file final-v1.txt (compact mmCIF, N, CA and C atoms)
# COMPACT_ATOMS: atom_id res chain seq x y z
N MET G 220 24.26 -54.93 -10.72
CA MET G 220 23.62 -54.39 -9.54
C MET G 220 24.46 -54.74 -8.32
N ALA G 221 24.58 -53.81 -7.45
CA ALA G 221 25.35 -54.02 -6.22
C ALA G 221 24.58 -54.93 -5.27
N GLY G 222 25.28 -55.47 -4.29
CA GLY G 222 24.62 -56.28 -3.28
C GLY G 222 23.62 -55.46 -2.49
N ILE G 223 22.69 -56.14 -1.83
CA ILE G 223 21.61 -55.46 -1.11
C ILE G 223 22.14 -54.57 0.01
N GLY G 224 23.20 -54.98 0.68
CA GLY G 224 23.77 -54.15 1.74
C GLY G 224 24.26 -52.82 1.23
N LYS G 225 24.91 -52.86 0.07
CA LYS G 225 25.41 -51.63 -0.53
C LYS G 225 24.25 -50.78 -1.08
N GLU G 226 23.27 -51.44 -1.74
CA GLU G 226 22.12 -50.72 -2.29
C GLU G 226 21.37 -49.95 -1.21
N LEU G 227 21.13 -50.60 -0.09
CA LEU G 227 20.37 -49.98 0.99
C LEU G 227 21.25 -49.26 2.01
N GLN G 228 22.57 -49.35 1.80
CA GLN G 228 23.53 -48.74 2.73
C GLN G 228 23.18 -49.15 4.16
N SER G 229 23.10 -50.48 4.34
CA SER G 229 22.63 -51.00 5.61
C SER G 229 23.36 -52.29 5.98
N THR G 230 23.29 -52.61 7.25
CA THR G 230 23.73 -53.91 7.73
C THR G 230 22.48 -54.63 8.22
N PHE G 231 22.59 -55.92 8.41
CA PHE G 231 21.41 -56.72 8.74
C PHE G 231 21.65 -57.54 9.99
N GLN G 232 20.59 -57.82 10.73
CA GLN G 232 20.68 -58.59 11.97
C GLN G 232 20.94 -60.06 11.70
N SER G 233 20.51 -60.55 10.52
CA SER G 233 20.69 -61.96 10.18
C SER G 233 20.60 -62.12 8.67
N GLU G 234 21.04 -63.26 8.19
CA GLU G 234 20.91 -63.56 6.76
C GLU G 234 19.43 -63.69 6.38
N GLN G 235 18.58 -64.14 7.30
CA GLN G 235 17.15 -64.25 7.02
C GLN G 235 16.53 -62.86 6.82
N GLN G 236 16.90 -61.91 7.68
CA GLN G 236 16.41 -60.54 7.52
C GLN G 236 16.91 -59.96 6.20
N LYS G 237 18.17 -60.20 5.91
CA LYS G 237 18.76 -59.71 4.66
C LYS G 237 18.03 -60.30 3.46
N ALA G 238 17.73 -61.59 3.51
CA ALA G 238 17.02 -62.25 2.40
C ALA G 238 15.62 -61.68 2.22
N MET G 239 14.90 -61.48 3.32
CA MET G 239 13.55 -60.93 3.23
C MET G 239 13.56 -59.53 2.63
N LEU G 240 14.46 -58.69 3.10
CA LEU G 240 14.56 -57.33 2.56
C LEU G 240 15.03 -57.35 1.10
N ASN G 241 15.89 -58.30 0.77
CA ASN G 241 16.37 -58.43 -0.60
C ASN G 241 15.22 -58.80 -1.53
N VAL G 242 14.34 -59.71 -1.10
CA VAL G 242 13.19 -60.10 -1.91
C VAL G 242 12.27 -58.90 -2.12
N LEU G 243 11.98 -58.16 -1.06
CA LEU G 243 11.11 -56.98 -1.18
C LEU G 243 11.73 -55.92 -2.10
N PHE G 244 13.01 -55.65 -1.91
CA PHE G 244 13.71 -54.66 -2.72
C PHE G 244 13.72 -55.08 -4.18
N THR G 245 14.01 -56.37 -4.43
CA THR G 245 14.09 -56.87 -5.80
C THR G 245 12.71 -56.87 -6.46
N ALA G 246 11.67 -57.20 -5.71
CA ALA G 246 10.31 -57.17 -6.26
C ALA G 246 9.95 -55.75 -6.71
N ASN G 247 10.32 -54.77 -5.92
CA ASN G 247 10.06 -53.38 -6.29
C ASN G 247 10.88 -52.99 -7.52
N TRP G 248 12.10 -53.48 -7.60
CA TRP G 248 12.97 -53.22 -8.76
C TRP G 248 12.33 -53.77 -10.03
N PHE G 249 11.84 -55.02 -9.95
CA PHE G 249 11.14 -55.62 -11.10
C PHE G 249 9.91 -54.80 -11.47
N ARG G 250 9.13 -54.40 -10.48
CA ARG G 250 7.89 -53.65 -10.72
C ARG G 250 8.19 -52.34 -11.45
N THR G 251 9.25 -51.66 -11.07
CA THR G 251 9.63 -50.41 -11.72
C THR G 251 9.96 -50.65 -13.19
N ILE G 252 10.73 -51.67 -13.48
CA ILE G 252 11.11 -52.00 -14.85
C ILE G 252 9.88 -52.37 -15.67
N GLN G 253 8.99 -53.18 -15.09
CA GLN G 253 7.82 -53.63 -15.83
C GLN G 253 6.81 -52.50 -16.04
N THR G 254 6.71 -51.59 -15.10
CA THR G 254 5.83 -50.44 -15.27
C THR G 254 6.26 -49.63 -16.49
N SER G 255 7.56 -49.44 -16.64
CA SER G 255 8.08 -48.71 -17.81
C SER G 255 7.81 -49.48 -19.10
N PHE G 256 7.93 -50.80 -19.05
CA PHE G 256 7.69 -51.61 -20.24
C PHE G 256 6.25 -51.50 -20.71
N PHE G 257 5.28 -51.56 -19.80
CA PHE G 257 3.86 -51.58 -20.18
C PHE G 257 3.29 -50.20 -20.49
N LYS G 258 3.97 -49.15 -20.08
CA LYS G 258 3.45 -47.78 -20.27
C LYS G 258 3.10 -47.48 -21.73
N PRO G 259 3.96 -47.79 -22.71
CA PRO G 259 3.60 -47.48 -24.10
C PRO G 259 2.37 -48.25 -24.61
N PHE G 260 2.04 -49.36 -23.95
CA PHE G 260 0.87 -50.14 -24.35
C PHE G 260 -0.40 -49.64 -23.68
N GLY G 261 -0.27 -48.69 -22.76
CA GLY G 261 -1.43 -48.09 -22.10
C GLY G 261 -2.09 -48.96 -21.05
N ILE G 262 -1.34 -49.92 -20.51
CA ILE G 262 -1.88 -50.77 -19.45
C ILE G 262 -0.86 -50.91 -18.33
N SER G 263 -1.34 -51.37 -17.19
CA SER G 263 -0.47 -51.63 -16.05
C SER G 263 -0.11 -53.11 -16.02
N MET G 264 0.84 -53.45 -15.17
CA MET G 264 1.22 -54.85 -14.99
C MET G 264 0.02 -55.67 -14.52
N GLN G 265 -0.78 -55.12 -13.60
CA GLN G 265 -1.97 -55.83 -13.11
C GLN G 265 -2.99 -56.03 -14.23
N GLN G 266 -3.17 -55.03 -15.09
CA GLN G 266 -4.09 -55.18 -16.22
C GLN G 266 -3.58 -56.22 -17.20
N TYR G 267 -2.27 -56.24 -17.42
CA TYR G 267 -1.66 -57.26 -18.27
C TYR G 267 -1.95 -58.65 -17.71
N ASN G 268 -1.81 -58.79 -16.40
CA ASN G 268 -2.08 -60.07 -15.75
C ASN G 268 -3.53 -60.50 -15.98
N ILE G 269 -4.48 -59.57 -15.85
CA ILE G 269 -5.89 -59.88 -16.09
C ILE G 269 -6.10 -60.32 -17.53
N LEU G 270 -5.49 -59.61 -18.48
CA LEU G 270 -5.63 -59.99 -19.90
C LEU G 270 -5.06 -61.38 -20.15
N ARG G 271 -3.93 -61.69 -19.57
CA ARG G 271 -3.32 -63.03 -19.74
C ARG G 271 -4.21 -64.12 -19.16
N ILE G 272 -4.80 -63.86 -18.01
CA ILE G 272 -5.71 -64.83 -17.39
C ILE G 272 -6.90 -65.07 -18.30
N LEU G 273 -7.48 -64.00 -18.82
CA LEU G 273 -8.66 -64.14 -19.69
C LEU G 273 -8.29 -64.81 -21.02
N ARG G 274 -7.11 -64.53 -21.54
CA ARG G 274 -6.66 -65.19 -22.77
C ARG G 274 -6.54 -66.70 -22.55
N GLY G 275 -6.08 -67.09 -21.38
CA GLY G 275 -5.89 -68.51 -21.08
C GLY G 275 -7.18 -69.26 -20.79
N SER G 276 -8.25 -68.55 -20.56
CA SER G 276 -9.52 -69.18 -20.26
C SER G 276 -10.31 -69.38 -21.55
N LYS G 277 -10.82 -70.58 -21.74
CA LYS G 277 -11.61 -70.85 -22.95
C LYS G 277 -13.00 -70.24 -22.86
N ASP G 278 -13.46 -70.08 -21.63
CA ASP G 278 -14.81 -69.56 -21.39
C ASP G 278 -14.74 -68.24 -20.65
N PRO G 279 -15.80 -67.43 -20.74
CA PRO G 279 -15.85 -66.22 -19.92
C PRO G 279 -15.73 -66.60 -18.44
N MET G 280 -15.16 -65.69 -17.66
CA MET G 280 -14.89 -65.97 -16.25
C MET G 280 -15.63 -65.01 -15.33
N LYS G 281 -15.96 -65.49 -14.13
CA LYS G 281 -16.44 -64.62 -13.07
C LYS G 281 -15.24 -63.84 -12.54
N MET G 282 -15.48 -62.64 -12.03
CA MET G 282 -14.39 -61.83 -11.50
C MET G 282 -13.70 -62.52 -10.33
N GLN G 283 -14.43 -63.28 -9.54
CA GLN G 283 -13.81 -63.98 -8.41
C GLN G 283 -12.76 -64.97 -8.92
N GLY G 284 -13.05 -65.62 -10.04
CA GLY G 284 -12.08 -66.55 -10.63
C GLY G 284 -10.84 -65.83 -11.14
N VAL G 285 -11.04 -64.66 -11.72
CA VAL G 285 -9.92 -63.86 -12.19
C VAL G 285 -9.05 -63.44 -11.01
N LYS G 286 -9.68 -62.92 -9.97
CA LYS G 286 -8.95 -62.47 -8.77
C LYS G 286 -8.13 -63.61 -8.18
N GLY G 287 -8.70 -64.81 -8.15
CA GLY G 287 -8.01 -65.95 -7.56
C GLY G 287 -6.77 -66.37 -8.31
N ARG G 288 -6.68 -66.01 -9.58
CA ARG G 288 -5.53 -66.40 -10.39
C ARG G 288 -4.51 -65.29 -10.57
N MET G 289 -4.80 -64.11 -10.03
CA MET G 289 -3.89 -62.97 -10.20
C MET G 289 -2.62 -63.14 -9.38
N ILE G 290 -1.52 -62.64 -9.92
CA ILE G 290 -0.24 -62.63 -9.21
C ILE G 290 -0.34 -61.68 -8.02
N ASP G 291 -0.83 -60.48 -8.29
CA ASP G 291 -1.03 -59.46 -7.26
C ASP G 291 -2.53 -59.40 -7.03
N ARG G 292 -3.00 -60.07 -6.01
CA ARG G 292 -4.44 -60.20 -5.78
C ARG G 292 -5.02 -58.91 -5.22
N ALA G 293 -5.02 -57.93 -6.08
CA ALA G 293 -5.46 -56.59 -5.70
C ALA G 293 -6.96 -56.56 -5.44
N PRO G 294 -7.38 -55.87 -4.38
CA PRO G 294 -8.81 -55.75 -4.12
C PRO G 294 -9.52 -54.90 -5.18
N ASN G 295 -8.74 -54.21 -6.00
CA ASN G 295 -9.33 -53.35 -7.02
C ASN G 295 -9.37 -54.03 -8.40
N ALA G 296 -9.39 -55.35 -8.43
CA ALA G 296 -9.38 -56.07 -9.71
C ALA G 296 -10.60 -55.70 -10.56
N THR G 297 -11.74 -55.50 -9.92
CA THR G 297 -12.95 -55.12 -10.68
C THR G 297 -12.75 -53.75 -11.33
N ARG G 298 -12.18 -52.81 -10.58
CA ARG G 298 -11.92 -51.48 -11.15
C ARG G 298 -10.92 -51.57 -12.29
N LEU G 299 -9.87 -52.38 -12.13
CA LEU G 299 -8.89 -52.56 -13.20
C LEU G 299 -9.55 -53.16 -14.44
N THR G 300 -10.44 -54.12 -14.23
CA THR G 300 -11.15 -54.75 -15.35
C THR G 300 -12.09 -53.74 -16.01
N ASP G 301 -12.74 -52.91 -15.21
CA ASP G 301 -13.62 -51.87 -15.78
C ASP G 301 -12.84 -50.95 -16.71
N LYS G 302 -11.60 -50.63 -16.35
CA LYS G 302 -10.76 -49.80 -17.22
C LYS G 302 -10.44 -50.54 -18.52
N LEU G 303 -10.21 -51.85 -18.43
CA LEU G 303 -9.95 -52.64 -19.64
C LEU G 303 -11.20 -52.71 -20.51
N ILE G 304 -12.36 -52.76 -19.89
CA ILE G 304 -13.63 -52.75 -20.64
C ILE G 304 -13.79 -51.42 -21.37
N THR G 305 -13.50 -50.33 -20.68
CA THR G 305 -13.58 -48.99 -21.28
C THR G 305 -12.66 -48.87 -22.49
N LYS G 306 -11.50 -49.52 -22.43
CA LYS G 306 -10.54 -49.48 -23.54
C LYS G 306 -10.90 -50.47 -24.65
N GLY G 307 -11.94 -51.28 -24.43
CA GLY G 307 -12.34 -52.25 -25.43
C GLY G 307 -11.50 -53.52 -25.44
N LEU G 308 -10.73 -53.75 -24.38
CA LEU G 308 -9.85 -54.91 -24.32
C LEU G 308 -10.51 -56.12 -23.67
N VAL G 309 -11.57 -55.87 -22.91
CA VAL G 309 -12.32 -56.92 -22.22
C VAL G 309 -13.81 -56.65 -22.46
N ILE G 310 -14.58 -57.74 -22.51
CA ILE G 310 -16.03 -57.65 -22.71
C ILE G 310 -16.72 -58.21 -21.47
N ARG G 311 -17.70 -57.47 -20.99
CA ARG G 311 -18.53 -57.92 -19.86
C ARG G 311 -19.82 -58.47 -20.45
N GLU G 312 -20.27 -59.62 -19.90
CA GLU G 312 -21.52 -60.21 -20.38
C GLU G 312 -22.24 -60.89 -19.22
N ARG G 313 -23.50 -61.14 -19.44
CA ARG G 313 -24.33 -61.82 -18.43
C ARG G 313 -24.22 -63.33 -18.62
N GLY G 314 -24.39 -64.05 -17.52
CA GLY G 314 -24.36 -65.51 -17.57
C GLY G 314 -25.54 -66.06 -18.35
N ASN G 315 -25.38 -67.24 -18.91
CA ASN G 315 -26.45 -67.87 -19.70
C ASN G 315 -27.58 -68.38 -18.82
N THR G 316 -27.23 -69.00 -17.69
CA THR G 316 -28.26 -69.60 -16.85
C THR G 316 -28.76 -68.63 -15.78
N ASP G 317 -27.88 -67.81 -15.26
CA ASP G 317 -28.25 -66.84 -14.24
C ASP G 317 -27.93 -65.45 -14.78
N LYS G 318 -28.96 -64.71 -15.12
CA LYS G 318 -28.78 -63.39 -15.74
C LYS G 318 -28.17 -62.37 -14.77
N ARG G 319 -28.15 -62.69 -13.47
CA ARG G 319 -27.51 -61.79 -12.50
C ARG G 319 -26.00 -61.97 -12.50
N GLU G 320 -25.55 -63.10 -13.02
CA GLU G 320 -24.12 -63.41 -13.04
C GLU G 320 -23.40 -62.56 -14.09
N ILE G 321 -22.30 -61.94 -13.68
CA ILE G 321 -21.50 -61.11 -14.58
C ILE G 321 -20.22 -61.86 -14.91
N LEU G 322 -19.94 -61.99 -16.20
CA LEU G 322 -18.75 -62.69 -16.68
C LEU G 322 -17.92 -61.73 -17.51
N VAL G 323 -16.63 -62.00 -17.60
CA VAL G 323 -15.75 -61.19 -18.45
C VAL G 323 -14.95 -62.13 -19.34
N ARG G 324 -14.62 -61.61 -20.51
CA ARG G 324 -13.76 -62.34 -21.45
C ARG G 324 -12.93 -61.33 -22.21
N ILE G 325 -11.83 -61.80 -22.75
CA ILE G 325 -10.95 -60.92 -23.51
C ILE G 325 -11.59 -60.67 -24.88
N SER G 326 -11.43 -59.46 -25.37
CA SER G 326 -11.98 -59.09 -26.68
C SER G 326 -10.92 -59.34 -27.76
N PRO G 327 -11.34 -59.32 -29.03
CA PRO G 327 -10.34 -59.42 -30.10
C PRO G 327 -9.27 -58.31 -30.01
N LYS G 328 -9.69 -57.11 -29.62
CA LYS G 328 -8.73 -56.02 -29.45
C LYS G 328 -7.75 -56.34 -28.33
N GLY G 329 -8.21 -56.97 -27.25
CA GLY G 329 -7.34 -57.39 -26.16
C GLY G 329 -6.36 -58.46 -26.62
N MET G 330 -6.85 -59.39 -27.45
CA MET G 330 -5.96 -60.44 -28.00
C MET G 330 -4.88 -59.80 -28.88
N ASP G 331 -5.27 -58.82 -29.68
CA ASP G 331 -4.30 -58.13 -30.53
C ASP G 331 -3.23 -57.42 -29.69
N LEU G 332 -3.67 -56.77 -28.61
CA LEU G 332 -2.70 -56.09 -27.74
C LEU G 332 -1.72 -57.09 -27.13
N LEU G 333 -2.22 -58.22 -26.64
CA LEU G 333 -1.33 -59.23 -26.08
C LEU G 333 -0.37 -59.78 -27.13
N ALA G 334 -0.83 -59.93 -28.35
CA ALA G 334 0.06 -60.39 -29.42
C ALA G 334 1.18 -59.38 -29.66
N ARG G 335 0.84 -58.09 -29.63
CA ARG G 335 1.87 -57.05 -29.78
C ARG G 335 2.85 -57.07 -28.62
N ILE G 336 2.34 -57.25 -27.42
CA ILE G 336 3.22 -57.32 -26.24
C ILE G 336 4.11 -58.56 -26.33
N ASP G 337 3.52 -59.69 -26.73
CA ASP G 337 4.28 -60.94 -26.83
C ASP G 337 5.43 -60.84 -27.82
N THR G 338 5.24 -60.05 -28.87
CA THR G 338 6.28 -59.95 -29.90
C THR G 338 7.19 -58.74 -29.71
N ALA G 339 6.88 -57.92 -28.70
CA ALA G 339 7.72 -56.74 -28.43
C ALA G 339 9.10 -57.20 -28.00
N ASP G 340 10.06 -56.35 -28.21
CA ASP G 340 11.42 -56.65 -27.78
C ASP G 340 11.48 -56.59 -26.26
N HIS G 341 11.30 -57.73 -25.64
CA HIS G 341 11.30 -57.77 -24.18
C HIS G 341 12.67 -57.42 -23.63
N GLY G 342 13.70 -57.78 -24.36
CA GLY G 342 15.05 -57.47 -23.90
C GLY G 342 15.17 -57.69 -22.41
N SER G 343 15.46 -56.65 -21.69
CA SER G 343 15.62 -56.79 -20.25
C SER G 343 14.40 -56.27 -19.50
N ALA G 344 13.33 -55.95 -20.21
CA ALA G 344 12.19 -55.34 -19.54
C ALA G 344 11.39 -56.33 -18.68
N LEU G 345 10.95 -57.42 -19.25
CA LEU G 345 10.15 -58.36 -18.47
C LEU G 345 10.99 -59.37 -17.73
N PHE G 346 12.14 -59.71 -18.27
CA PHE G 346 13.01 -60.70 -17.64
C PHE G 346 14.43 -60.15 -17.58
N PRO G 347 14.65 -59.15 -16.70
CA PRO G 347 15.95 -58.48 -16.69
C PRO G 347 17.08 -59.31 -16.08
N VAL G 348 16.76 -60.41 -15.44
CA VAL G 348 17.79 -61.22 -14.81
C VAL G 348 17.97 -62.49 -15.62
N LYS G 349 19.19 -62.77 -15.97
CA LYS G 349 19.49 -63.97 -16.73
C LYS G 349 19.92 -65.07 -15.77
N LEU G 350 18.99 -65.91 -15.39
CA LEU G 350 19.30 -67.04 -14.52
C LEU G 350 19.33 -68.30 -15.37
N ASN G 351 20.30 -69.16 -15.10
CA ASN G 351 20.26 -70.45 -15.79
C ASN G 351 19.16 -71.29 -15.14
N ASP G 352 18.80 -72.40 -15.78
CA ASP G 352 17.69 -73.22 -15.31
C ASP G 352 17.92 -73.73 -13.88
N ALA G 353 19.14 -74.13 -13.57
CA ALA G 353 19.43 -74.67 -12.24
C ALA G 353 19.25 -73.59 -11.17
N ASP G 354 19.76 -72.38 -11.42
CA ASP G 354 19.61 -71.29 -10.45
C ASP G 354 18.14 -70.89 -10.30
N ALA G 355 17.42 -70.85 -11.43
CA ALA G 355 15.99 -70.50 -11.38
C ALA G 355 15.22 -71.55 -10.57
N ALA G 356 15.54 -72.83 -10.77
CA ALA G 356 14.88 -73.90 -10.02
C ALA G 356 15.18 -73.77 -8.53
N THR G 357 16.41 -73.46 -8.19
CA THR G 357 16.79 -73.28 -6.78
C THR G 357 16.04 -72.11 -6.17
N LEU G 358 15.99 -71.00 -6.89
CA LEU G 358 15.27 -69.82 -6.39
C LEU G 358 13.79 -70.14 -6.21
N ASN G 359 13.19 -70.82 -7.17
CA ASN G 359 11.77 -71.20 -7.06
C ASN G 359 11.53 -72.09 -5.84
N ARG G 360 12.42 -73.05 -5.62
CA ARG G 360 12.28 -73.95 -4.47
C ARG G 360 12.36 -73.17 -3.16
N ILE G 361 13.31 -72.25 -3.08
CA ILE G 361 13.48 -71.44 -1.86
C ILE G 361 12.24 -70.56 -1.62
N LEU G 362 11.79 -69.88 -2.65
CA LEU G 362 10.63 -68.99 -2.50
C LEU G 362 9.37 -69.78 -2.17
N ASP G 363 9.16 -70.92 -2.84
CA ASP G 363 8.00 -71.76 -2.53
C ASP G 363 8.07 -72.25 -1.07
N GLY G 364 9.26 -72.63 -0.64
CA GLY G 364 9.44 -73.08 0.73
C GLY G 364 9.18 -71.97 1.74
N TRP G 365 9.60 -70.77 1.40
CA TRP G 365 9.40 -69.63 2.28
C TRP G 365 7.90 -69.37 2.52
N ARG G 366 7.11 -69.48 1.43
CA ARG G 366 5.67 -69.27 1.55
C ARG G 366 4.97 -70.47 2.15
N GLY G 367 5.60 -71.65 2.02
CA GLY G 367 4.97 -72.91 2.43
C GLY G 367 4.83 -73.03 3.89
call {"tool": "encode", "arguments": {"input": "final-v1.txt", "output": "structure tokens"}}
result
Amino acid sequence: MAGIGKELQSTFQSEQQKAMLNVLFTANWFRTIQTSFFKPFGISMQQYNILRILRGSKDPMKMQGVKGRMIDRAPNATRLTDKLITKGLVIRERGNTDKREILVRISPKGMDLLARIDTADHGSALFPVKLNDADAATLNRILDGWRG
């Protein structure tokens, strides 16, 4: 991949501006690759994230808890979950103590789908950049600091 200046055919006012635009451009690049990867499985990246969250939870979760753990905290998480319920990948149930409480959990069919995704040839689809551990740690530190 060419440098960000060449990709965008642009010059930048500062290295900070260049870095910010590079992060946004690269995030979109990753999203495009991952969208193509998940298409044959019939789910979106956001739906995959919801399934992974539910798989990691031992107990059914409230939607607010799911939203709080999402990478992309989309306001449409309930709608995305409803689509997963329609596909039989997630189960909606009422709370034990408060019948008004709505909980969700991953279904066996959802677990099977995640197992297929986990064993799929990820190749360059989910992790298209080969960073060594030191570079990945540096990038994580910089990005965490930027948000901090």
call {"tool": "atom_distance", "arguments": {"input": "final-v1.txt", "atom1": "atom N of G:Gly307", "atom2": "atom CA of G:Met289"}}
result
20.1 Å
call {"tool": "atom_distance", "arguments": {"input": "final-v1.txt", "atom1": "atom N of G:Ala355", "atom2": "atom N of G:Ala334"}}
result
27.2 Å
call {"tool": "residues_around", "arguments": {"input": "final-v1.txt", "residues": "G:Ile336", "least_positions_apart": "5", "cutoff": "10 Å", "atoms": "only C-alpha atoms", "output": "list of chain:residue names"}}
result
G:Phe256, G:Phe257, G:Phe260, G:Tyr267, G:Met330, G:Asp331, G:His341
call {"tool": "atom_distance", "arguments": {"input": "final-v1.txt", "atom1": "atom N of G:Thr316", "atom2": "atom CA of G:Lys277"}}
result
16.6 Å
call {"tool": "closest_residue", "arguments": {"input": "final-v1.txt", "among": "G:Leu227, G:Ile304, G:Ile321, G:Leu333", "to": "G:Arg271", "atoms": "only N, CA and C atoms"}}
result
G:Leu333
call {"tool": "select_by_dssp", "arguments": {"input": "final-v1.txt", "residues": "chain G", "states": "strand (DSSP E or B)", "output": "ChimeraX atom specification"}}
result
/G:280-281,309-313,321-325
call {"tool": "write_last_selection", "arguments": {"input": "final-v1.txt", "atoms": "N, CA and C atoms", "output": "PDB file, keeping the file's coordinate frame"}}
result
ATOM      1  N   MET G 280     -15.160 -65.690 -17.660  1.00  0.00           N
ATOM      2  CA  MET G 280     -14.890 -65.970 -16.250  1.00  0.00           C
ATOM      3  C   MET G 280     -15.630 -65.010 -15.330  1.00  0.00           C
ATOM      4  N   LYS G 281     -15.960 -65.490 -14.130  1.00  0.00           N
ATOM      5  CA  LYS G 281     -16.440 -64.620 -13.070  1.00  0.00           C
ATOM      6  C   LYS G 281     -15.240 -63.840 -12.540  1.00  0.00           C
ATOM      7  N   VAL G 309     -11.570 -55.870 -22.910  1.00  0.00           N
ATOM      8  CA  VAL G 309     -12.320 -56.920 -22.220  1.00  0.00           C
ATOM      9  C   VAL G 309     -13.810 -56.650 -22.460  1.00  0.00           C
ATOM     10  N   ILE G 310     -14.580 -57.740 -22.510  1.00  0.00           N
ATOM     11  CA  ILE G 310     -16.030 -57.650 -22.710  1.00  0.00           C
ATOM     12  C   ILE G 310     -16.720 -58.210 -21.470  1.00  0.00           C
ATOM     13  N   ARG G 311     -17.700 -57.470 -20.990  1.00  0.00           N
ATOM     14  CA  ARG G 311     -18.530 -57.920 -19.860  1.00  0.00           C
ATOM     15  C   ARG G 311     -19.820 -58.470 -20.450  1.00  0.00           C
ATOM     16  N   GLU G 312     -20.270 -59.620 -19.900  1.00  0.00           N
ATOM     17  CA  GLU G 312     -21.520 -60.210 -20.380  1.00  0.00           C
ATOM     18  C   GLU G 312     -22.240 -60.890 -19.220  1.00  0.00           C
ATOM     19  N   ARG G 313     -23.500 -61.140 -19.440  1.00  0.00           N
ATOM     20  CA  ARG G 313     -24.330 -61.820 -18.430  1.00  0.00           C
ATOM     21  C   ARG G 313     -24.220 -63.330 -18.620  1.00  0.00           C
ATOM     22  N   ILE G 321     -22.300 -61.940 -13.680  1.00  0.00           N
ATOM     23  CA  ILE G 321     -21.500 -61.110 -14.580  1.00  0.00           C
ATOM     24  C   ILE G 321     -20.220 -61.860 -14.910  1.00  0.00           C
ATOM     25  N   LEU G 322     -19.940 -61.990 -16.200  1.00  0.00           N
ATOM     26  CA  LEU G 322     -18.750 -62.690 -16.680  1.00  0.00           C
ATOM     27  C   LEU G 322     -17.920 -61.730 -17.510  1.00  0.00           C
ATOM     28  N   VAL G 323     -16.630 -62.000 -17.600  1.00  0.00           N
ATOM     29  CA  VAL G 323     -15.750 -61.190 -18.450  1.00  0.00           C
ATOM     30  C   VAL G 323     -14.950 -62.130 -19.340  1.00  0.00           C
ATOM     31  N   ARG G 324     -14.620 -61.610 -20.510  1.00  0.00           N
ATOM     32  CA  ARG G 324     -13.760 -62.340 -21.450  1.00  0.00           C
ATOM     33  C   ARG G 324     -12.930 -61.330 -22.210  1.00  0.00           C
ATOM     34  N   ILE G 325     -11.830 -61.800 -22.750  1.00  0.00           N
ATOM     35  CA  ILE G 325     -10.950 -60.920 -23.510  1.00  0.00           C
ATOM     36  C   ILE G 325     -11.590 -60.670 -24.880  1.00  0.00           C
TER      37      ILE G 325
END
call {"tool": "residues_around", "arguments": {"input": "final-v1.txt", "residues": "G:Met239", "least_positions_apart": "6", "cutoff": "12 Å", "atoms": "only C-alpha atoms", "output": "number ranges by chain"}}
result
G: 223, 231-233, 245-246, 361-362, 365-366
